[in-house]
$ cat data23.csv   # CSV, C-alpha atoms
chain,number,residue,atom,x,y,z
A,184,MET,CA,2.9,-27.3,-36.4
A,185,GLU,CA,-0.4,-25.5,-37.3
A,186,TYR,CA,-0.7,-23.2,-40.4
A,187,ARG,CA,-3.5,-21.2,-42.0
A,188,ILE,CA,-3.9,-21.4,-45.7
A,189,THR,CA,-6.2,-19.4,-47.9
A,190,VAL,CA,-7.2,-21.0,-51.2
A,191,MET,CA,-8.6,-18.8,-54.0
A,192,PRO,CA,-9.7,-21.1,-56.8
A,193,GLY,CA,-10.9,-18.2,-59.0
A,194,ASP,CA,-12.2,-18.8,-62.5
A,195,GLY,CA,-12.1,-21.3,-65.3
A,196,ILE,CA,-9.9,-24.3,-64.5
A,197,GLY,CA,-9.0,-22.7,-61.1
A,198,LYS,CA,-11.3,-25.0,-59.1
A,199,GLU,CA,-10.0,-28.2,-60.7
A,200,ILE,CA,-6.3,-27.4,-60.3
A,201,THR,CA,-6.6,-26.1,-56.7
A,202,GLU,CA,-8.5,-29.2,-55.7
A,203,GLY,CA,-5.4,-31.3,-56.5
A,204,ALA,CA,-3.2,-28.8,-54.7
A,205,VAL,CA,-5.4,-29.1,-51.6
A,206,GLU,CA,-5.1,-32.9,-51.6
A,207,VAL,CA,-1.3,-32.5,-51.8
A,208,ILE,CA,-1.4,-30.2,-48.8
A,209,LYS,CA,-3.5,-32.7,-46.8
A,210,LYS,CA,-1.1,-35.5,-47.6
A,211,ILE,CA,1.9,-33.4,-46.4
A,212,GLY,CA,0.0,-32.7,-43.2
A,213,GLU,CA,-0.6,-36.4,-42.6
A,214,LYS,CA,3.0,-37.4,-43.4
A,215,TYR,CA,4.8,-34.6,-41.5
A,216,ASN,CA,2.3,-34.2,-38.7
A,217,HIS,CA,1.3,-30.6,-39.5
A,218,LYS,CA,-2.2,-29.2,-39.2
A,219,PHE,CA,-3.3,-27.1,-42.1
A,220,ASN,CA,-6.5,-25.0,-41.6
A,221,ILE,CA,-7.7,-24.4,-45.2
A,222,ASN,CA,-10.2,-21.6,-46.0
A,223,TYR,CA,-11.6,-20.6,-49.3
A,224,ALA,CA,-12.1,-17.1,-50.7
A,225,ASP,CA,-13.4,-15.5,-53.9
A,226,ILE,CA,-11.3,-13.5,-56.4
A,227,GLY,CA,-11.7,-12.5,-60.0
A,228,GLY,CA,-14.9,-13.2,-62.0
A,229,ILE,CA,-16.5,-15.5,-59.4
A,230,ALA,CA,-16.1,-12.7,-56.9
A,231,ILE,CA,-17.7,-10.2,-59.3
A,232,ASP,CA,-20.7,-12.6,-59.7
A,233,ASN,CA,-21.0,-13.4,-56.0
A,234,GLN,CA,-20.0,-10.1,-54.4
A,235,GLY,CA,-20.0,-7.5,-57.0
A,236,THR,CA,-16.2,-6.8,-56.9
A,237,PRO,CA,-13.1,-8.7,-58.2
A,238,LEU,CA,-11.5,-8.4,-54.8
A,239,PRO,CA,-13.8,-8.4,-51.8
A,240,GLN,CA,-12.6,-6.9,-48.5
A,241,LYS,CA,-13.2,-10.3,-46.8
A,242,THR,CA,-10.8,-11.9,-49.2
A,243,ILE,CA,-8.1,-9.4,-48.4
A,244,GLU,CA,-8.6,-9.9,-44.6
A,245,MET,CA,-8.5,-13.7,-45.0
A,246,CYS,CA,-5.2,-13.5,-47.0
A,247,LYS,CA,-3.7,-11.2,-44.4
A,248,ASN,CA,-4.5,-13.7,-41.7
A,249,SER,CA,-2.9,-16.6,-43.5
A,250,ASP,CA,0.5,-18.2,-43.4
A,251,GLY,CA,0.3,-19.1,-47.1
A,252,ILE,CA,-2.0,-18.3,-50.1
A,253,ILE,CA,-2.8,-20.5,-53.1
A,254,LEU,CA,-4.5,-19.0,-56.2
A,255,GLY,CA,-5.9,-20.8,-59.2
A,256,ALA,CA,-6.5,-18.4,-62.0
A,257,VAL,CA,-8.8,-15.4,-62.8
A,258,GLY,CA,-10.6,-14.1,-65.9
A,259,GLY,CA,-12.6,-15.3,-68.9
A,260,PRO,CA,-14.8,-14.1,-71.7
A,261,THR,CA,-17.8,-13.9,-69.4
A,262,TRP,CA,-16.4,-10.6,-68.0
A,263,ASP,CA,-14.8,-9.2,-71.1
A,264,HIS,CA,-17.4,-6.5,-71.4
A,265,LEU,CA,-16.5,-4.9,-68.1
A,266,LYS,CA,-14.3,-1.8,-67.9
A,267,GLY,CA,-10.7,-2.1,-66.8
A,268,GLU,CA,-11.1,-1.4,-63.1
A,269,ASP,CA,-14.0,-3.8,-62.9
A,270,ARG,CA,-12.5,-6.8,-64.7
A,271,PRO,CA,-11.4,-10.0,-62.9
A,272,GLU,CA,-7.7,-9.3,-63.6
A,273,ARG,CA,-7.9,-6.2,-61.4
A,274,GLY,CA,-8.6,-8.5,-58.4
A,275,LEU,CA,-5.2,-10.1,-59.0
A,276,LEU,CA,-3.4,-6.8,-59.4
A,277,ASN,CA,-5.0,-5.4,-56.3
A,278,ILE,CA,-4.3,-8.3,-54.0
A,279,ARG,CA,-0.6,-8.0,-55.0
A,280,LYS,CA,-0.7,-4.4,-54.1
A,281,GLU,CA,-2.7,-4.9,-50.8
A,282,LEU,CA,-0.2,-7.6,-49.6
A,283,GLY,CA,2.9,-5.7,-50.8
A,284,LEU,CA,3.9,-8.6,-53.1
A,285,TYR,CA,6.6,-6.8,-55.0
A,286,THR,CA,8.7,-9.8,-56.0
A,287,ASN,CA,7.6,-12.5,-58.5
A,288,LEU,CA,9.7,-15.7,-58.7
A,289,ARG,CA,9.1,-17.7,-61.9
A,290,PRO,CA,11.3,-20.8,-62.3
A,291,ALA,CA,11.6,-22.2,-65.8
A,292,ILE,CA,12.8,-25.8,-65.5
A,293,VAL,CA,13.1,-28.4,-68.2
A,294,TYR,CA,12.5,-31.8,-66.6
A,295,GLU,CA,14.5,-34.6,-68.0
A,296,PRO,CA,11.4,-36.7,-69.0
A,297,LEU,CA,10.0,-33.7,-70.8
A,298,LYS,CA,13.0,-32.6,-72.9
A,299,ASP,CA,11.3,-33.8,-76.0
A,300,ALA,CA,8.3,-31.6,-75.3
A,301,SER,CA,10.4,-28.5,-75.6
A,302,PRO,CA,10.2,-26.7,-79.0
A,303,LEU,CA,14.0,-26.1,-78.8
A,304,LYS,CA,16.5,-28.6,-80.1
A,305,THR,CA,18.2,-30.9,-77.6
A,306,GLU,CA,21.6,-29.4,-78.5
A,307,ILE,CA,20.3,-26.0,-77.5
A,308,ILE,CA,18.9,-27.1,-74.1
A,309,GLY,CA,21.9,-29.2,-73.4
A,310,LYS,CA,21.8,-31.2,-70.2
A,311,GLY,CA,18.8,-29.3,-69.0
A,312,LEU,CA,17.5,-25.8,-68.1
A,313,ASP,CA,16.9,-24.2,-64.8
A,314,ILE,CA,16.2,-20.4,-64.9
A,315,CYS,CA,14.7,-18.2,-62.2
A,316,ILE,CA,13.1,-15.0,-63.4
A,317,VAL,CA,12.8,-12.4,-60.7
A,318,ARG,CA,10.1,-9.9,-61.8
A,319,GLU,CA,9.2,-6.7,-60.1
A,320,LEU,CA,5.5,-7.0,-59.4
A,321,THR,CA,3.8,-3.9,-58.0
A,322,GLY,CA,5.3,-1.0,-60.0
A,323,GLY,CA,5.9,0.0,-63.6
A,324,ILE,CA,3.4,0.5,-66.4
A,325,TYR,CA,0.7,-1.9,-65.0
A,326,PHE,CA,0.3,0.4,-62.0
A,327,GLY,CA,1.2,3.7,-63.5
A,328,GLU,CA,-1.2,6.5,-64.4
A,329,LYS,CA,-3.4,5.6,-67.3
A,330,GLY,CA,-6.3,7.1,-69.2
A,331,ILE,CA,-8.0,8.1,-72.4
A,332,ARG,CA,-7.8,11.7,-73.7
A,333,GLU,CA,-10.6,13.7,-75.2
A,334,ASP,CA,-9.3,13.0,-78.7
A,335,GLY,CA,-9.6,9.3,-78.1
A,336,SER,CA,-5.9,8.6,-77.7
A,337,ALA,CA,-4.8,6.5,-74.7
A,338,TYR,CA,-1.8,6.5,-72.4
A,339,ASP,CA,-0.1,4.3,-69.8
A,340,ILE,CA,2.8,5.7,-67.8
A,341,LEU,CA,5.9,3.6,-67.0
A,342,SER,CA,7.4,4.9,-63.7
A,343,TYR,CA,9.7,3.5,-61.1
A,344,SER,CA,11.1,5.0,-57.9
A,345,GLU,CA,14.7,4.3,-56.8
A,346,GLU,CA,13.3,2.5,-53.7
A,347,GLU,CA,11.2,0.2,-55.8
A,348,VAL,CA,14.2,-0.8,-58.0
A,349,LYS,CA,16.4,-1.1,-54.9
A,350,ARG,CA,14.2,-3.6,-53.1
A,351,ILE,CA,13.7,-5.9,-56.1
A,352,ALA,CA,17.4,-5.8,-56.9
A,353,ILE,CA,18.3,-6.9,-53.4
A,354,LYS,CA,15.9,-9.8,-53.8
A,355,GLY,CA,17.4,-10.7,-57.1
A,356,PHE,CA,21.0,-10.8,-55.8
A,357,GLU,CA,19.9,-12.7,-52.7
A,358,ILE,CA,18.4,-15.4,-54.9
A,359,ALA,CA,21.5,-15.4,-57.1
A,360,MET,CA,23.6,-16.0,-54.0
A,361,LYS,CA,21.6,-19.2,-53.3
A,362,ARG,CA,22.0,-20.5,-56.9
A,363,ASN,CA,24.9,-20.1,-59.3
A,364,LYS,CA,25.8,-16.5,-58.4
A,365,LYS,CA,25.0,-15.2,-61.9
A,366,LEU,CA,22.5,-12.5,-62.5
A,367,THR,CA,21.3,-10.9,-65.8
A,368,SER,CA,19.5,-7.6,-65.4
A,369,VAL,CA,17.1,-6.9,-68.3
A,370,ASP,CA,16.1,-3.4,-69.2
A,371,LYS,CA,15.7,-1.0,-72.2
A,372,SER,CA,18.1,1.7,-71.0
A,373,ASN,CA,19.1,2.7,-74.6
A,374,VAL,CA,15.5,4.2,-74.9
A,375,LEU,CA,13.7,4.5,-71.5
A,376,GLU,CA,14.6,6.8,-68.6
A,377,SER,CA,13.0,4.3,-66.2
A,378,SER,CA,15.4,1.7,-67.5
A,379,ARG,CA,18.4,4.0,-67.0
A,380,LEU,CA,17.3,4.4,-63.4
A,381,TRP,CA,16.9,0.6,-63.2
A,382,ARG,CA,20.4,-0.1,-64.5
A,383,ARG,CA,22.0,2.6,-62.3
A,384,VAL,CA,20.4,1.2,-59.1
A,385,VAL,CA,21.1,-2.4,-60.0
A,386,ILE,CA,24.8,-1.6,-60.5
A,387,GLU,CA,24.9,0.2,-57.1
A,388,ILE,CA,23.3,-2.8,-55.3
A,389,SER,CA,25.7,-5.2,-57.0
A,390,LYS,CA,28.5,-3.7,-55.1
A,391,ASN,CA,27.1,-5.4,-52.0
A,392,TYR,CA,27.3,-8.8,-53.7
A,393,PRO,CA,30.8,-9.0,-55.2
A,394,GLU,CA,30.5,-12.8,-55.6
A,395,VAL,CA,27.6,-12.5,-58.1
A,396,GLU,CA,28.5,-12.1,-61.8
A,397,LEU,CA,26.3,-9.2,-63.1
A,398,ASN,CA,25.4,-8.9,-66.8
A,399,HIS,CA,23.0,-6.4,-68.5
A,400,MET,CA,20.9,-7.1,-71.5
A,401,TYR,CA,18.3,-5.2,-73.4
A,402,VAL,CA,14.9,-6.8,-73.3
A,403,ASP,CA,14.6,-7.4,-77.1
A,404,ASN,CA,18.0,-9.2,-77.0
A,405,ALA,CA,17.0,-11.2,-73.9
A,406,ALA,CA,13.9,-12.5,-75.7
A,407,MET,CA,16.1,-13.6,-78.6
A,408,GLN,CA,18.8,-15.1,-76.4
A,409,LEU,CA,16.2,-17.2,-74.5
A,410,LEU,CA,15.5,-19.0,-77.8
A,411,ILE,CA,19.0,-19.4,-79.1
A,412,ASN,CA,21.1,-19.8,-75.9
A,413,PRO,CA,18.9,-20.2,-72.8
A,414,THR,CA,21.5,-22.0,-70.8
A,415,GLN,CA,23.5,-18.8,-70.4
A,416,PHE,CA,20.9,-17.6,-67.9
A,417,ASP,CA,20.6,-18.4,-64.2
A,418,VAL,CA,18.7,-15.5,-62.5
A,419,ILE,CA,17.0,-12.9,-64.7
A,420,LEU,CA,16.1,-9.7,-62.9
A,421,THR,CA,13.6,-7.4,-64.6
A,422,MET,CA,10.7,-5.0,-64.3
A,423,ASN,CA,7.0,-5.8,-64.3
A,424,MET,CA,6.0,-5.7,-68.0
A,425,PHE,CA,9.3,-7.2,-69.3
A,426,GLY,CA,9.1,-10.0,-66.7
A,427,ASP,CA,5.5,-10.8,-67.7
A,428,ILE,CA,6.5,-11.3,-71.3
A,429,LEU,CA,9.9,-13.0,-70.8
A,430,SER,CA,8.6,-15.5,-68.2
A,431,ASP,CA,5.8,-16.6,-70.5
A,432,GLU,CA,8.4,-17.1,-73.3
A,433,ALA,CA,10.6,-19.1,-70.9
A,434,SER,CA,7.7,-21.2,-69.9
A,435,MET,CA,7.1,-22.4,-73.4
A,436,ILE,CA,10.7,-23.4,-73.8
A,437,THR,CA,10.1,-25.9,-71.0
A,438,GLY,CA,7.4,-27.6,-73.1
A,439,SER,CA,4.2,-26.6,-71.4
A,440,ILE,CA,2.9,-23.5,-69.5
A,441,GLY,CA,1.0,-26.0,-67.3
A,442,MET,CA,4.2,-27.2,-65.6
A,443,LEU,CA,5.4,-24.0,-64.0
A,444,PRO,CA,4.6,-22.5,-60.6
A,445,SER,CA,5.3,-19.0,-59.4
A,446,ALA,CA,5.7,-17.2,-56.1
A,447,SER,CA,4.7,-13.6,-55.4
A,448,ILE,CA,6.3,-12.5,-52.1
A,449,GLY,CA,6.8,-9.4,-50.1
A,450,GLU,CA,8.2,-8.6,-46.6
A,451,LYS,CA,5.3,-10.4,-44.9
A,452,TYR,CA,3.0,-12.3,-47.2
A,453,GLY,CA,3.4,-14.8,-50.0
A,454,LEU,CA,0.9,-15.8,-52.8
A,455,TYR,CA,1.5,-18.8,-54.9
A,456,GLU,CA,-0.1,-19.6,-58.3
A,457,PRO,CA,0.5,-21.4,-61.6
A,458,ILE,CA,1.7,-19.0,-64.3
A,459,HIS,CA,-1.0,-20.1,-66.8
A,460,GLY,CA,-4.4,-18.5,-67.1
A,461,SER,CA,-7.9,-19.7,-66.4
A,462,ALA,CA,-8.3,-21.6,-69.7
A,463,PRO,CA,-12.1,-21.4,-69.7
A,464,ASP,CA,-12.3,-23.4,-73.0
A,465,ILE,CA,-11.2,-26.5,-71.2
A,466,ALA,CA,-12.8,-25.9,-67.8
A,467,GLY,CA,-14.7,-28.8,-66.3
A,468,GLN,CA,-13.3,-31.3,-68.7
A,469,ASP,CA,-10.7,-32.9,-66.4
A,470,ILE,CA,-7.9,-32.3,-68.8
A,471,ALA,CA,-6.0,-29.3,-67.3
A,472,ASN,CA,-2.5,-29.9,-65.9
A,473,PRO,CA,-2.5,-29.5,-62.1
A,474,ILE,CA,1.3,-29.8,-61.8
A,475,ALA,CA,2.1,-26.0,-61.9
A,476,THR,CA,-0.4,-25.5,-59.0
A,477,ILE,CA,1.0,-28.4,-57.0
A,478,LEU,CA,4.6,-27.1,-57.5
A,479,SER,CA,3.3,-23.7,-56.3
A,480,VAL,CA,2.4,-25.5,-53.1
A,481,ALA,CA,6.0,-26.7,-52.8
A,482,MET,CA,7.2,-23.1,-53.2
A,483,MET,CA,4.7,-22.0,-50.5
A,484,PHE,CA,6.1,-24.5,-48.1
A,485,LYS,CA,9.7,-23.5,-48.8
A,486,HIS,CA,9.3,-19.7,-49.0
A,487,SER,CA,6.5,-18.8,-46.6
A,488,MET,CA,6.5,-21.6,-44.1
A,489,GLY,CA,10.2,-22.7,-44.0
A,490,LEU,CA,9.1,-26.3,-44.6
A,491,LEU,CA,12.0,-27.1,-47.0
A,492,GLU,CA,11.8,-30.9,-46.6
A,493,GLU,CA,8.1,-30.9,-47.3
A,494,GLY,CA,8.5,-28.7,-50.4
A,495,ILE,CA,11.2,-31.0,-51.8
A,496,ALA,CA,9.0,-34.1,-51.2
A,497,ILE,CA,6.4,-32.6,-53.5
A,498,GLU,CA,8.9,-31.8,-56.2
A,499,LYS,CA,10.3,-35.3,-56.0
A,500,ALA,CA,6.8,-36.8,-56.2
A,501,VAL,CA,6.2,-34.8,-59.4
A,502,GLU,CA,9.4,-36.0,-60.9
A,503,LYS,CA,8.6,-39.6,-60.0
A,504,VAL,CA,5.2,-39.4,-61.7
A,505,LEU,CA,6.7,-37.9,-64.8
A,506,ASN,CA,9.4,-40.6,-64.9
A,507,ASP,CA,6.5,-43.2,-64.7
A,508,GLY,CA,5.2,-41.8,-67.9
A,509,MET,CA,2.0,-40.1,-66.6
A,510,ARG,CA,1.0,-37.1,-68.8
A,511,THR,CA,-2.0,-34.7,-69.0
A,512,ARG,CA,-3.0,-33.7,-72.5
A,513,ASP,CA,-0.7,-30.7,-72.8
A,514,ILE,CA,2.5,-32.9,-72.3
A,515,TYR,CA,1.2,-36.2,-73.8
A,516,THR,CA,3.1,-38.2,-76.4
A,517,ASP,CA,2.4,-41.6,-77.9
A,518,SER,CA,4.8,-43.4,-75.7
A,519,THR,CA,3.2,-42.1,-72.4
A,520,LYS,CA,0.0,-42.6,-70.5
A,521,LEU,CA,-2.7,-40.0,-70.8
A,522,VAL,CA,-4.4,-39.1,-67.5
A,523,GLY,CA,-6.8,-36.4,-66.4
A,524,THR,CA,-6.5,-33.6,-63.9
A,525,GLU,CA,-7.8,-35.5,-60.9
A,526,GLU,CA,-5.9,-38.6,-61.7
A,527,MET,CA,-2.6,-36.8,-62.2
A,528,ALA,CA,-3.0,-35.1,-58.8
A,529,SER,CA,-3.9,-38.5,-57.2
A,530,PHE,CA,-0.7,-40.1,-58.6
A,531,ILE,CA,1.4,-37.3,-57.2
A,532,VAL,CA,-0.2,-37.6,-53.8
A,533,LYS,CA,0.5,-41.3,-53.7
A,534,LYS,CA,4.2,-40.6,-54.5
A,535,ILE,CA,4.7,-38.3,-51.5
$ encode --input "data23.csv" --output "structure tokens"
Amino acid sequence: MEYRITVMPGDGIGKEITEGAVEVIKKIGEKYNHKFNINYADIGGIAIDNQGTPLPQKTIEMCKNSDGIILGAVGGPTWDHLKGEDRPERGLLNIRKELGLYTNLRPAIVYEPLKDASPLKTEIIGKGLDICIVRELTGGIYFGEKGIREDGSAYDILSYSEEEVKRIAIKGFEIAMKRNKKLTSVDKSNVLESSRLWRRVVIEISKNYPEVELNHMYVDNAAMQLLINPTQFDVILTMNMFGDILSDEASMITGSIGMLPSASIGEKYGLYEPIHGSAPDIAGQDIANPIATILSVAMMFKHSMGLLEEGIAIEKAVEKVLNDGMRTRDIYTDSTKLVGTEEMASFIVKKI
């Protein structure tokens, strides 16, 4: 089979971590007899420097003509002086909007070899942790009306339509059906009207999925429960801002933000990226963890291309390398072997 893939390295460590991902893609192509046509596009700060905008029209067109999209990371202090609409992060928000990527999937998995890296006690984690956070991605406060008044005060409006909640709820229940049929919907309906709408629509959609156990939780309690009893969760469904915060919290429970991939998907397109940032302070030092980006490739194969076996092969290769004791600096312990970004990617490629 032949597929078109757009790679957007972005800023900071983006170039390093996507290089490893591309090597993994090439290896999968060789092993499974696929042809991957890989093209590169600018986004974020590098796009501002090269083309004067965080999201060039050419990048949008390339993404829309792709079977899968891989993103590194965007942002950095170089562009901190720019106004909101001109900042690198706006490129990421806008590509999500342009492609209709309203669903963000963020798995939080504690791998057996990395249980000791988690800040939580072993008795809290139990036999392991495997949570999938389903986050609404193109609505809510990040995309609502915002501005600064004449008196200097600022505002950001949190707004959701019934249709926006309905479509993400359907995605959440569909994912729950493929897992352990348990879904926790997180909101703040004791305070926010938008959350009352959220809860009402989620309850209505749940009637179509009677096999799924539905629970509701306020976001502040959910943040606490992730620390004291994370194994109670399977699928967490929540709105944009809450999902942004909770998924980062869940990622640190696993031991390192450098381990976790994400998928941003809509009806037609899919964009895959590590959940960590551009980490400009370590860029170019060959110490960044490429695993989250490589696992994002696995998600791309499974969700956008239907290449389930190929995606699983990547995930198993990562596990084998971790079992062999290979570690980048963020997950290194005295009993393991310290390797760099390029070397870690190379070991994973060899295990496929």
$ residues_near_point --input "data23.csv" --point "(8.8, -12.2, -50.4)" --cutoff "8 Å" --atoms "only C-alpha atoms" --output "PyMOL selection string"
chain A and resi 284-286+447-453+486-487
$ closest_atom_pairs --input "data23.csv" --of "segment 286-331 of chain A" --to "segment 365-377 of chain A" --cutoff "12 Å" --atoms "only C-alpha atoms" --output "CSV"
residue,atom,partner,partner_atom,distance
A:Ile314,CA,A:Leu366,CA,10.4
A:Cys315,CA,A:Leu366,CA,9.7
A:Ile316,CA,A:Thr367,CA,9.5
A:Val317,CA,A:Ser368,CA,9.5
A:Arg318,CA,A:Val369,CA,10.0
A:Glu319,CA,A:Val369,CA,11.4
A:Gly322,CA,A:Ser377,CA,11.2
A:Gly323,CA,A:Ser377,CA,8.7
A:Ile324,CA,A:Ser377,CA,10.3
$ atom_distance --input "data23.csv" --atom1 "atom CA of Val205 of chain A" --atom2 "atom CA of Tyr223 of chain A"
10.8 Å
$ residues_around --input "data23.csv" --residues "Glu346 of chain A" --least-positions-apart "6" --cutoff "12 Å" --atoms "all atoms listed in the file" --output "PDB file with C-alpha atoms, in the frame of the given file"
ATOM      1  CA  TYR A 285       6.600  -6.800 -55.000  1.00  0.00           C
ATOM      2  CA  GLU A 319       9.200  -6.700 -60.100  1.00  0.00           C
ATOM      3  CA  GLY A 322       5.300  -1.000 -60.000  1.00  0.00           C
ATOM      4  CA  ALA A 352      17.400  -5.800 -56.900  1.00  0.00           C
ATOM      5  CA  ILE A 353      18.300  -6.900 -53.400  1.00  0.00           C
ATOM      6  CA  LEU A 380      17.300   4.400 -63.400  1.00  0.00           C
ATOM      7  CA  TRP A 381      16.900   0.600 -63.200  1.00  0.00           C
ATOM      8  CA  VAL A 384      20.400   1.200 -59.100  1.00  0.00           C
ATOM      9  CA  VAL A 385      21.100  -2.400 -60.000  1.00  0.00           C
ATOM     10  CA  ILE A 388      23.300  -2.800 -55.300  1.00  0.00           C
TER      11      ILE A 388
END
$ atom_distance --input "data23.csv" --atom1 "atom CA of Asp431 of chain A" --atom2 "atom CA of Asp232 of chain A"
28.9 Å
$ closest_atom_pairs --input "data23.csv" --of "segment 258-346 of chain A" --to "segment 410-425 of chain A" --cutoff "12 Å" --atoms "all atoms listed in the file" --output "CSV"
residue,atom,partner,partner_atom,distance
A:Leu276,CA,A:Asn423,CA,11.5
A:Leu284,CA,A:Asn423,CA,12.0
A:Tyr285,CA,A:Asn423,CA,9.4
A:Thr286,CA,A:Asn423,CA,9.4
A:Asn287,CA,A:Asn423,CA,8.9
A:Leu288,CA,A:Leu420,CA,9.7
A:Arg289,CA,A:Ile419,CA,9.7
A:Pro290,CA,A:Val418,CA,9.1
A:Ala291,CA,A:Asp417,CA,9.9
A:Ile292,CA,A:Asp417,CA,10.8
A:Val293,CA,A:Thr414,CA,10.9
A:Ser301,CA,A:Leu410,CA,11.0
A:Pro302,CA,A:Leu410,CA,9.4
A:Leu303,CA,A:Leu410,CA,7.3
A:Lys304,CA,A:Ile411,CA,9.6
A:Thr305,CA,A:Asn412,CA,11.6
A:Glu306,CA,A:Asn412,CA,10.0
A:Ile307,CA,A:Asn412,CA,6.5
A:Ile308,CA,A:Thr414,CA,6.6
A:Gly309,CA,A:Thr414,CA,7.7
A:Lys310,CA,A:Thr414,CA,9.2
A:Gly311,CA,A:Thr414,CA,8.0
A:Leu312,CA,A:Thr414,CA,6.1
A:Asp313,CA,A:Asp417,CA,6.9
A:Ile314,CA,A:Asp417,CA,4.9
A:Cys315,CA,A:Val418,CA,4.8
A:Ile316,CA,A:Ile419,CA,4.6
A:Val317,CA,A:Leu420,CA,4.8
A:Arg318,CA,A:Thr421,CA,5.1
A:Glu319,CA,A:Met422,CA,4.8
A:Leu320,CA,A:Asn423,CA,5.3
A:Thr321,CA,A:Asn423,CA,7.3
A:Gly322,CA,A:Asn423,CA,6.7
A:Gly323,CA,A:Asn423,CA,5.9
A:Ile324,CA,A:Met424,CA,6.9
A:Tyr325,CA,A:Met424,CA,7.2
A:Phe326,CA,A:Asn423,CA,9.4
A:Gly327,CA,A:Asn423,CA,11.2
A:Asp339,CA,A:Met424,CA,11.9
A:Ile340,CA,A:Met424,CA,11.8
A:Leu341,CA,A:Met424,CA,9.4
A:Ser342,CA,A:Met422,CA,10.5
A:Tyr343,CA,A:Met422,CA,9.1
A:Ser344,CA,A:Met422,CA,11.9
$ residues_near_point --input "data23.csv" --point "(2.8, -28.1, -56.5)" --cutoff "8 Å" --atoms "all atoms listed in the file" --output "PDB file with C-alpha atoms, keeping the file's coordinate frame"
ATOM      1  CA  ALA A 204      -3.200 -28.800 -54.700  1.00  0.00           C
ATOM      2  CA  VAL A 207      -1.300 -32.500 -51.800  1.00  0.00           C
ATOM      3  CA  PRO A 444       4.600 -22.500 -60.600  1.00  0.00           C
ATOM      4  CA  PRO A 473      -2.500 -29.500 -62.100  1.00  0.00           C
ATOM      5  CA  ILE A 474       1.300 -29.800 -61.800  1.00  0.00           C
ATOM      6  CA  ALA A 475       2.100 -26.000 -61.900  1.00  0.00           C
ATOM      7  CA  THR A 476      -0.400 -25.500 -59.000  1.00  0.00           C
ATOM      8  CA  ILE A 477       1.000 -28.400 -57.000  1.00  0.00           C
ATOM      9  CA  LEU A 478       4.600 -27.100 -57.500  1.00  0.00           C
ATOM     10  CA  SER A 479       3.300 -23.700 -56.300  1.00  0.00           C
ATOM     11  CA  VAL A 480       2.400 -25.500 -53.100  1.00  0.00           C
ATOM     12  CA  ALA A 481       6.000 -26.700 -52.800  1.00  0.00           C
ATOM     13  CA  MET A 482       7.200 -23.100 -53.200  1.00  0.00           C
ATOM     14  CA  ILE A 497       6.400 -32.600 -53.500  1.00  0.00           C
ATOM     15  CA  GLU A 498       8.900 -31.800 -56.200  1.00  0.00           C
TER      16      GLU A 498
END
$ atom_distance --input "data23.csv" --atom1 "atom CA of Gly489 of chain A" --atom2 "atom CA of Tyr186 of chain A"
11.5 Å
$ residues_around --input "data23.csv" --residues "Asp513 of chain A" --least-positions-apart "2" --cutoff "9 Å" --atoms "only C-alpha atoms" --output "list in words"
Gly438, Ser439, Ile440, Gly441, Ile470, Ala471, Asn472, Arg510, Thr511 and Tyr515 of chain A
$ closest_residue --input "data23.csv" --among "A:Thr524, A:Ser430, A:Asn277, A:Asn222" --to "His459 of chain A" --atoms "all atoms listed in the file"
A:Ser430
$ residues_around --input "data23.csv" --residues "Leu254 of chain A" --least-positions-apart "4" --cutoff "8 Å" --atoms "all atoms listed in the file" --output "list of chain:residue names"
A:Val190, A:Met191, A:Pro192, A:Gly193, A:Gly197, A:Thr201, A:Leu454, A:Tyr455, A:Glu456, A:Pro457
$ residues_around --input "data23.csv" --residues "Ile229 of chain A" --least-positions-apart "3" --cutoff "10 Å" --atoms "all atoms listed in the file" --output "number ranges by chain"
A: 192-195, 224-226, 232-238, 257-258, 262, 271
$ write_last_selection --input "data23.csv" --atoms "C-alpha atoms" --output "compact mmCIF listing (two decimals), in the frame of the given file"
# COMPACT_ATOMS: atom_id res chain seq x y z
CA PRO A 192 -9.70 -21.10 -56.80
CA GLY A 193 -10.90 -18.20 -59.00
CA ASP A 194 -12.20 -18.80 -62.50
CA GLY A 195 -12.10 -21.30 -65.30
CA ALA A 224 -12.10 -17.10 -50.70
CA ASP A 225 -13.40 -15.50 -53.90
CA ILE A 226 -11.30 -13.50 -56.40
CA ASP A 232 -20.70 -12.60 -59.70
CA ASN A 233 -21.00 -13.40 -56.00
CA GLN A 234 -20.00 -10.10 -54.40
CA GLY A 235 -20.00 -7.50 -57.00
CA THR A 236 -16.20 -6.80 -56.90
CA PRO A 237 -13.10 -8.70 -58.20
CA LEU A 238 -11.50 -8.40 -54.80
CA VAL A 257 -8.80 -15.40 -62.80
CA GLY A 258 -10.60 -14.10 -65.90
CA TRP A 262 -16.40 -10.60 -68.00
CA PRO A 271 -11.40 -10.00 -62.90
